[in-house]
Structure formats: C-alpha cells, structure tokens
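So the structure is just underneath, and the comments pick up after that.
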Amino acid sequence: MTIPALHKLDTPIALGALKSRVAEPVLAQTCGDDVIIEAVASLGDAAPGALSFCKNSGNRGASLTADSKASLILVSEAFDIPVDDDSDYLTVANPARWFVRAVSHLFPEEGKGYVHPTAVVEEGAQVGSGCRIGSGTFIGRDVILGTNCRIGPNCSLGGAGLAIEYDENGVLLPYPHLGRLIVGAAVTIGANCVVVRGILESTEIGERTTIGNMVNIGHNCRIGENCWISSGTVLCGSAILGKGVMVGANVTVNNHVNVGAGGILGLGSVVTKSVATGRRVFGVPAKPLKTMRAL
C-alpha cells in the first residue's frame with residue numbers, strides 16, 4: 001500500500017526530534033530515536049514509515065496491531081508488546097493524546113489565517129490572527145473572533161435570532177438584536193452552524209470550545225471554556241453552559257437553562273431544567289443518570 005499523499009510528511013522527521021516537539025513523556029520504546037517517520041495513519045491504512053496508535057490493550061489491542069504495517073505504534077502501559085513484530089512500539093501514558101499532539105506538530109495550521117473567497121465578513125467584524133473561515137460563511141459586523149479560530153463552511157455567525165413581542169392587534173414584533181457575538185481564542189465551529197448575536201447583551205463562546213456540524217446557538221447564550229458540543233444540538237436563547245460541559249448529538253437545551261461546569265448531556269436529550277455542576281443527564285425530558293458514561 002502506498003502512503004496517501006494527504007498523510008505523508010513534506011519532510012520526514014526522526015523520532016527523537018518529534019519527541020522533543022511533543023514534550024510528553026515516553027515511558028518505553030523498542031527502537032532508537034533515529035527511526036524516521038514519513039507519515040501518519042490509522043492502524044489499518046498504515047504503510048511502512050508511518051506513525052499510528054492503539055488505544056486498546058489485551059486481545060483487542062493485539063488483534064488491531066497484528067496486521068498493521070505501521071513502522072511505529074503508540075501504545076499504553078497495559079499493552080503487551082509482542083516479541084516478534086515488524087513494527088516498533090512507543091509506550092506512553094495516553095496513546096491517542098500523544099498522537100494528536102504529534103499530528104498537530106507535523107501538520108501545523110497555527111498562525112496560518114485564511115478566509116475563503118466566497119465567505120462574507122462584514123465591515124466592523126473583528127477577526128483575530130490565525131483564523132480560518134470556510135466557504136460560504138457569513139461573519140456579521142457585530143462579531144468578535146479570537147485568535148486561531150476554525151469556522152467551517154456555510155456558517156452564519158452574528159445574524160439576528162428569533163425573539164418576538166406582539167403589538168396591540170396581535171401582530172408579531174421582532175426584537176432588535178443590538179448585542180454582539182464574542183468568540184474566544186482557538187474555538188472550532190463545524191459546518192452549517194448558526195450562532196446568533198445577542199439582543200442587548202452578548203452571545204459568548206469561551207476559549208478552546210469545539211462545536212460540531214449543524215449546531216444552532218440562540219441569542220444571549222453563554223458557553224464556557226473547553227466545552228464540547230456535538231452535531232445537531234440546539235441551544236435556545238439565554239442558555240448557559242459552564243466550563244467543560246459535554247453535549248451529545250441532537251440535544252436540545254431550553255431557554256434560560258443553566259448547565260453547571262463539567263455537566264454531561266446525553267445523546268438526544270431534551271434539557272428543560274438546569275443541571276447541577278458535574279451532573280450527567282439523559283432522556284426526554286433529561287434526568288440524572290448515574291450510570292451514564294462520559295461522551
């Protein structure tokens with residue numbers, strides 16, 4: 001199998017040099033630091049010269065690595081390294097984390113700002129250095145993007161949301177949206193997302209939060225740092241997510257609901273009441289579920 005061009009390094013790197021860049025301890029290794037890494041790949045797609053990783057141990061881990069052609073495989077301390085194997089092994093505390101950090105160094109994007117020619121960034125919007133904005137995306141004039149944000153294609157950031165009053169005859173009166181949308185540094189927003197600016201206050205997304213595809217975030221929502229929001233989620237107006245909240249796919253959070261720091265909202269849940277710090281909830285309507293695993 002040839003190494004896919006997408007995963008092949010422009011310049012091969014010695015293991016020792018990569019270890020110094022990742023700067024996370026290596027507990028043991030079956031090779032010297034002079035081993036050359038030419039690419040990264042999954043275990044199944046790897047060719048000689050590739051770096052890969054295995055999160056599993058025991059029989060499952062052995063079966064996944066047995067037929068891999070990777071030259072170097074990251075494994076945990078619980079993994080039993082085979083005696084006769086064409087691959088070399090690097091034992092680390094967390095193979096997936098080490099691999100992610102390695103790939104970030106091998107394929108760096110930090111600081112390389114880019115706005116697709118079909119994207120619209122209105123005058124008055126503030127876009128931090130290193131931001132990458134995908135095709136067909138709209139960035140409104142009341143948007144502030146921090147540095148190194150990743151905005152996927154066909155997003156709408158900073159438009160007006162749905163909030164109404166009625167006149168004397170029962171005719172709908174849309175609320176003016178005079179607030180801003182403030183997005184912290186290193187936030188990732190997937191494709192086809194809508195994030196509405198505030199009415200009088202600001203809609204806010206904290207640093208290093210990651211948002212999946214097709215997510216809708218209403219006016220005046222406040223999302224803390226380091227949150228993880230999966231695809232298809234709807235946050236109604238003025239919902240609050242604390243730091244480090246995890247949200248499963250297709251979750252709906254009602255207006256003014258407050259999810260405390262570290263809360264977890266399970267797949268497809270409808271959250272109608274506030275969630276205490278660290279609590280895991282699931283269902284329609286969502287209720288505490290002690291046995292629910294982390295997402």
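Lettering and numbering for the structure tokens are positional, with chains as A, B, ... in the shown order, residues counted from 1 in each chain, and ligands counted from 1 in the shown order.
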
* List the neighbours of range 140-154 of chain A out to 7 Å using only C-alpha atoms; skip same-chain residues closer than 4 positions along the sequence, and give me the result as a PyMOL selection string. => chain A and resi 110-111+121-136+158-159+180-192

Would you put the residues from that selection into a file with N, CA and C atoms, as a JSON list (two decimals), in the first residue's frame?
```
[["chain", "number", "residue", "atom", "x", "y", "z"],
["A", 110, "GLU", "N", -1.49, 26.45, 13.00],
["A", 110, "GLU", "CA", -1.48, 27.62, 13.89],
["A", 110, "GLU", "C", -0.83, 28.82, 13.21],
["A", 111, "GLY", "N", -1.53, 29.92, 13.24],
["A", 111, "GLY", "CA", -0.98, 31.16, 12.68],
["A", 111, "GLY", "C", -1.22, 31.35, 11.20],
["A", 121, "VAL", "N", -17.34, 38.61, 5.22],
["A", 121, "VAL", "CA", -17.00, 39.19, 6.51],
["A", 121, "VAL", "C", -17.39, 40.65, 6.47],
["A", 122, "GLU", "N", -18.44, 41.02, 7.18],
["A", 122, "GLU", "CA", -18.94, 42.39, 7.11],
["A", 122, "GLU", "C", -17.97, 43.38, 7.74],
["A", 123, "GLU", "N", -18.03, 44.59, 7.24],
["A", 123, "GLU", "CA", -17.23, 45.66, 7.81],
["A", 123, "GLU", "C", -17.64, 45.87, 9.26],
["A", 124, "GLY", "N", -16.68, 45.95, 10.13],
["A", 124, "GLY", "CA", -16.93, 46.08, 11.56],
["A", 124, "GLY", "C", -16.66, 44.81, 12.33],
["A", 125, "ALA", "N", -16.69, 43.66, 11.64],
["A", 125, "ALA", "CA", -16.33, 42.41, 12.31],
["A", 125, "ALA", "C", -14.86, 42.41, 12.66],
["A", 126, "GLN", "N", -14.52, 41.80, 13.78],
["A", 126, "GLN", "CA", -13.13, 41.70, 14.21],
["A", 126, "GLN", "C", -12.71, 40.23, 14.17],
["A", 127, "VAL", "N", -11.76, 39.92, 13.30],
["A", 127, "VAL", "CA", -11.31, 38.55, 13.10],
["A", 127, "VAL", "C", -9.86, 38.45, 13.57],
["A", 128, "GLY", "N", -9.60, 37.64, 14.58],
["A", 128, "GLY", "CA", -8.27, 37.52, 15.14],
["A", 128, "GLY", "C", -7.30, 36.84, 14.20],
["A", 129, "SER", "N", -6.03, 37.02, 14.45],
["A", 129, "SER", "CA", -5.00, 36.43, 13.62],
["A", 129, "SER", "C", -5.08, 34.91, 13.68],
["A", 130, "GLY", "N", -4.76, 34.26, 12.56],
["A", 130, "GLY", "CA", -4.73, 32.82, 12.50],
["A", 130, "GLY", "C", -6.09, 32.16, 12.32],
["A", 131, "CYS", "N", -7.16, 32.94, 12.20],
["A", 131, "CYS", "CA", -8.49, 32.34, 11.99],
["A", 131, "CYS", "C", -8.62, 31.79, 10.58],
["A", 132, "ARG", "N", -9.32, 30.68, 10.46],
["A", 132, "ARG", "CA", -9.58, 30.06, 9.16],
["A", 132, "ARG", "C", -11.10, 29.99, 8.98],
["A", 133, "ILE", "N", -11.59, 30.61, 7.93],
["A", 133, "ILE", "CA", -13.03, 30.74, 7.70],
["A", 133, "ILE", "C", -13.39, 30.07, 6.40],
["A", 134, "GLY", "N", -14.32, 29.11, 6.46],
["A", 134, "GLY", "CA", -14.65, 28.28, 5.32],
["A", 134, "GLY", "C", -15.54, 28.93, 4.29],
["A", 135, "SER", "N", -15.75, 28.22, 3.21],
["A", 135, "SER", "CA", -16.51, 28.73, 2.07],
["A", 135, "SER", "C", -17.97, 28.99, 2.44],
["A", 136, "GLY", "N", -18.53, 30.05, 1.89],
["A", 136, "GLY", "CA", -19.93, 30.36, 2.07],
["A", 136, "GLY", "C", -20.33, 30.82, 3.44],
["A", 158, "GLY", "N", -23.45, 35.73, 13.89],
["A", 158, "GLY", "CA", -23.76, 37.13, 14.17],
["A", 158, "GLY", "C", -25.01, 37.64, 13.51],
["A", 159, "GLY", "N", -25.85, 36.77, 12.97],
["A", 159, "GLY", "CA", -27.14, 37.20, 12.45],
["A", 159, "GLY", "C", -28.13, 37.41, 13.59],
["A", 180, "ARG", "N", -23.71, 41.68, 20.69],
["A", 180, "ARG", "CA", -22.62, 41.15, 19.88],
["A", 180, "ARG", "C", -22.56, 39.62, 20.00],
["A", 181, "LEU", "N", -21.71, 39.04, 19.18],
["A", 181, "LEU", "CA", -21.27, 37.66, 19.34],
["A", 181, "LEU", "C", -19.78, 37.70, 19.59],
["A", 182, "ILE", "N", -19.36, 37.20, 20.75],
["A", 182, "ILE", "CA", -17.94, 37.20, 21.14],
["A", 182, "ILE", "C", -17.47, 35.75, 21.22],
["A", 183, "VAL", "N", -16.48, 35.42, 20.40],
["A", 183, "VAL", "CA", -15.95, 34.06, 20.32],
["A", 183, "VAL", "C", -14.51, 34.08, 20.80],
["A", 184, "GLY", "N", -14.18, 33.26, 21.79],
["A", 184, "GLY", "CA", -12.84, 33.23, 22.35],
["A", 184, "GLY", "C", -11.82, 32.59, 21.43],
["A", 185, "ALA", "N", -10.59, 32.62, 21.84],
["A", 185, "ALA", "CA", -9.48, 32.08, 21.03],
["A", 185, "ALA", "C", -9.59, 30.56, 20.89],
["A", 186, "ALA", "N", -9.12, 30.07, 19.73],
["A", 186, "ALA", "CA", -8.98, 28.64, 19.46],
["A", 186, "ALA", "C", -10.30, 27.88, 19.53],
["A", 187, "VAL", "N", -11.39, 28.55, 19.19],
["A", 187, "VAL", "CA", -12.70, 27.90, 19.11],
["A", 187, "VAL", "C", -12.86, 27.27, 17.73],
["A", 188, "THR", "N", -13.43, 26.08, 17.68],
["A", 188, "THR", "CA", -13.74, 25.41, 16.41],
["A", 188, "THR", "C", -15.25, 25.30, 16.26],
["A", 189, "ILE", "N", -15.75, 25.73, 15.12],
["A", 189, "ILE", "CA", -17.17, 25.64, 14.81],
["A", 189, "ILE", "C", -17.31, 24.89, 13.50],
["A", 190, "GLY", "N", -18.07, 23.80, 13.50],
["A", 190, "GLY", "CA", -18.20, 22.95, 12.32],
["A", 190, "GLY", "C", -19.05, 23.56, 11.22],
["A", 191, "ALA", "N", -19.32, 22.77, 10.19],
["A", 191, "ALA", "CA", -20.05, 23.25, 9.02],
["A", 191, "ALA", "C", -21.53, 23.47, 9.32],
["A", 192, "ASN", "N", -22.12, 24.44, 8.62],
["A", 192, "ASN", "CA", -23.57, 24.68, 8.64],
["A", 192, "ASN", "C", -24.11, 25.03, 10.02]]
```

* To do: Within range 240-269 of chain A, find each residue whose DSSP state, derived from the backbone, is strand (DSSP E or B), and express the selection as JSON, numbers by chain.
  => {"A": [240, 241, 246, 247, 252, 253, 258, 259, 264, 265]}

Please write the residues from the selection above to a file, keeping N, CA and C atoms, as a PDB file, in the first residue's frame.
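Result file is selection.pdb:
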```pdb
ATOM      1  N   ILE A 240     -27.100  28.653  29.257  1.00  0.00           N
ATOM      2  CA  ILE A 240     -25.739  28.829  29.769  1.00  0.00           C
ATOM      3  C   ILE A 240     -25.102  27.457  29.962  1.00  0.00           C
ATOM      4  N   LEU A 241     -23.912  27.283  29.395  1.00  0.00           N
ATOM      5  CA  LEU A 241     -23.123  26.075  29.625  1.00  0.00           C
ATOM      6  C   LEU A 241     -21.859  26.475  30.372  1.00  0.00           C
ATOM      7  N   MET A 246     -20.040  18.781  28.264  1.00  0.00           N
ATOM      8  CA  MET A 246     -20.073  17.921  27.081  1.00  0.00           C
ATOM      9  C   MET A 246     -21.522  17.684  26.680  1.00  0.00           C
ATOM     10  N   VAL A 247     -21.808  17.867  25.383  1.00  0.00           N
ATOM     11  CA  VAL A 247     -23.178  17.769  24.877  1.00  0.00           C
ATOM     12  C   VAL A 247     -23.210  16.746  23.748  1.00  0.00           C
ATOM     13  N   THR A 252     -31.315  19.173  22.764  1.00  0.00           N
ATOM     14  CA  THR A 252     -31.977  20.481  22.793  1.00  0.00           C
ATOM     15  C   THR A 252     -31.955  21.002  24.231  1.00  0.00           C
ATOM     16  N   VAL A 253     -31.480  22.232  24.400  1.00  0.00           N
ATOM     17  CA  VAL A 253     -31.431  22.874  25.714  1.00  0.00           C
ATOM     18  C   VAL A 253     -32.387  24.066  25.684  1.00  0.00           C
ATOM     19  N   ASN A 258     -29.471  26.498  32.783  1.00  0.00           N
ATOM     20  CA  ASN A 258     -28.067  26.645  33.178  1.00  0.00           C
ATOM     21  C   ASN A 258     -27.485  25.258  33.436  1.00  0.00           C
ATOM     22  N   VAL A 259     -26.470  24.878  32.655  1.00  0.00           N
ATOM     23  CA  VAL A 259     -25.785  23.599  32.849  1.00  0.00           C
ATOM     24  C   VAL A 259     -24.457  23.884  33.532  1.00  0.00           C
ATOM     25  N   ILE A 264     -22.726  16.743  31.730  1.00  0.00           N
ATOM     26  CA  ILE A 264     -22.782  15.948  30.510  1.00  0.00           C
ATOM     27  C   ILE A 264     -24.239  15.733  30.135  1.00  0.00           C
ATOM     28  N   LEU A 265     -24.569  16.081  28.883  1.00  0.00           N
ATOM     29  CA  LEU A 265     -25.930  15.936  28.370  1.00  0.00           C
ATOM     30  C   LEU A 265     -25.931  14.814  27.340  1.00  0.00           C
TER      31      LEU A 265
END
```

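If you measure from each of A:Val281, A:Ala286, A:Cys221, A:Ile81 to Asn59 in chain A using only C-alpha atoms, the closest one turns out to be A:Ile81.
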
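Taking CA of Ala50 in chain A as the reference point, CA of Gly212 in chain A is found at 28.6 Å.
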
* To do: Compare A:Cys193, A:Leu200, A:Leu90, A:Asn216 by their minimum atom-to-atom distance to Tyr175 in chain A, counting only C-alpha atoms, and give me the closest one.
  => A:Leu200

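For Ser20 in chain A, the set of protein, DNA and RNA residues having any atom at most 12 Å away, when counting only C-alpha atoms and skipping those fewer than 4 positions along the same chain, is Ile13, Ala14, Leu15, Gly16, Glu24, Pro25, Val26, Asp33, Arg101, Ala102 and His105 of chain A.
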
* Residue nearest Leu51 in chain A - candidates A:Asp88, A:Glu168, A:Asp34, A:Asp10, atoms counted: only C-alpha atoms -> A:Asp88

* Structure fact -> Counting only C-alpha atoms, closest pick from A:Leu157, A:Val215, A:Ile205, A:Val100 relative to Gly244 in chain A is A:Ile205

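Close contacts of Ile164 in chain A, defined as residues with an atom at most 10 Å away when counting only C-alpha atoms, with chain neighbours fewer than 5 positions off set aside, comprise Val171, Leu172, Leu173, Pro174, Tyr175 and Pro176 of chain A.
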
* Considering only C-alpha atoms, state which residue in the set A:Thr30, A:Ile229, A:Leu106, A:Gly266 is at the smallest distance from Pro12 in chain A. => A:Leu106

* Two-atom distance - CA of Pro95 in chain A, CA of Asn56 in chain A (Å) -> 9.3 Å

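Within range 27-273 of chain A, the backbone-based DSSP assignment of helix (DSSP H, G or I) covers Gly58, Asn59, Arg60, Gly61, Ala62, Ser63, Leu64, Thr65, Ala66, Pro95, Ala96, Arg97, Trp98, Phe99, Val100, Arg101, Ala102, Val103, Ser104, His105 and Leu106 of chain A.
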
Residues as selected, C-alpha atoms, written as a PDB file, in the first residue's frame, can you do that?
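part26.pdb, written as the output of this step:
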```pdb
ATOM      1  CA  GLY A  58      -5.355  -7.190  25.719  1.00  0.00           C
ATOM      2  CA  ASN A  59      -6.705  -9.341  22.904  1.00  0.00           C
ATOM      3  CA  ARG A  60      -8.415  -6.405  21.233  1.00  0.00           C
ATOM      4  CA  GLY A  61      -5.222  -4.383  21.085  1.00  0.00           C
ATOM      5  CA  ALA A  62      -3.215  -7.363  19.844  1.00  0.00           C
ATOM      6  CA  SER A  63      -5.682  -8.058  17.029  1.00  0.00           C
ATOM      7  CA  LEU A  64      -5.690  -4.409  15.908  1.00  0.00           C
ATOM      8  CA  THR A  65      -1.904  -4.146  15.717  1.00  0.00           C
ATOM      9  CA  ALA A  66      -1.109  -7.651  14.418  1.00  0.00           C
ATOM     10  CA  PRO A  95      -1.568   6.971  23.018  1.00  0.00           C
ATOM     11  CA  ALA A  96      -4.403   8.975  21.427  1.00  0.00           C
ATOM     12  CA  ARG A  97      -3.340  12.197  23.155  1.00  0.00           C
ATOM     13  CA  TRP A  98       0.314  11.725  22.186  1.00  0.00           C
ATOM     14  CA  PHE A  99      -0.719  11.035  18.592  1.00  0.00           C
ATOM     15  CA  VAL A 100      -2.940  14.131  18.410  1.00  0.00           C
ATOM     16  CA  ARG A 101      -0.140  16.315  19.722  1.00  0.00           C
ATOM     17  CA  ALA A 102       2.298  14.741  17.263  1.00  0.00           C
ATOM     18  CA  VAL A 103      -0.011  15.339  14.311  1.00  0.00           C
ATOM     19  CA  SER A 104      -0.508  18.949  15.401  1.00  0.00           C
ATOM     20  CA  HIS A 105       3.243  19.470  15.157  1.00  0.00           C
ATOM     21  CA  LEU A 106       3.653  17.502  11.940  1.00  0.00           C
TER      22      LEU A 106
END
```

Just the residues within 10 Å of Lys290 in chain A, please, counting only C-alpha atoms, with nothing from its chain fewer than 4 positions along; format it as an mmCIF file with N, CA and C atoms, in the first residue's frame.
```cif
data_model
loop_
_atom_site.group_PDB
_atom_site.id
_atom_site.type_symbol
_atom_site.label_atom_id
_atom_site.label_comp_id
_atom_site.auth_asym_id
_atom_site.auth_seq_id
_atom_site.Cartn_x
_atom_site.Cartn_y
_atom_site.Cartn_z
ATOM 1 N N ARG A 279 -23.125 17.067 36.917
ATOM 2 C CA ARG A 279 -24.218 16.098 36.812
ATOM 3 C C ARG A 279 -24.346 15.577 35.384
ATOM 4 N N ARG A 280 -24.692 14.298 35.245
ATOM 5 C CA ARG A 280 -24.939 13.696 33.944
ATOM 6 C C ARG A 280 -26.434 13.452 33.793
ATOM 7 N N VAL A 281 -27.003 13.927 32.689
ATOM 8 C CA VAL A 281 -28.439 13.755 32.480
ATOM 9 C C VAL A 281 -28.684 13.153 31.101
ATOM 10 N N PHE A 282 -29.860 12.491 30.986
ATOM 11 C CA PHE A 282 -30.194 11.815 29.732
ATOM 12 C C PHE A 282 -31.710 11.659 29.654
#
```

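Comparing A:Leu289, A:Met214, A:Leu72, A:Val251 by their smallest distance to Cys31 in chain A, the closest is A:Leu72 (using only C-alpha atoms).
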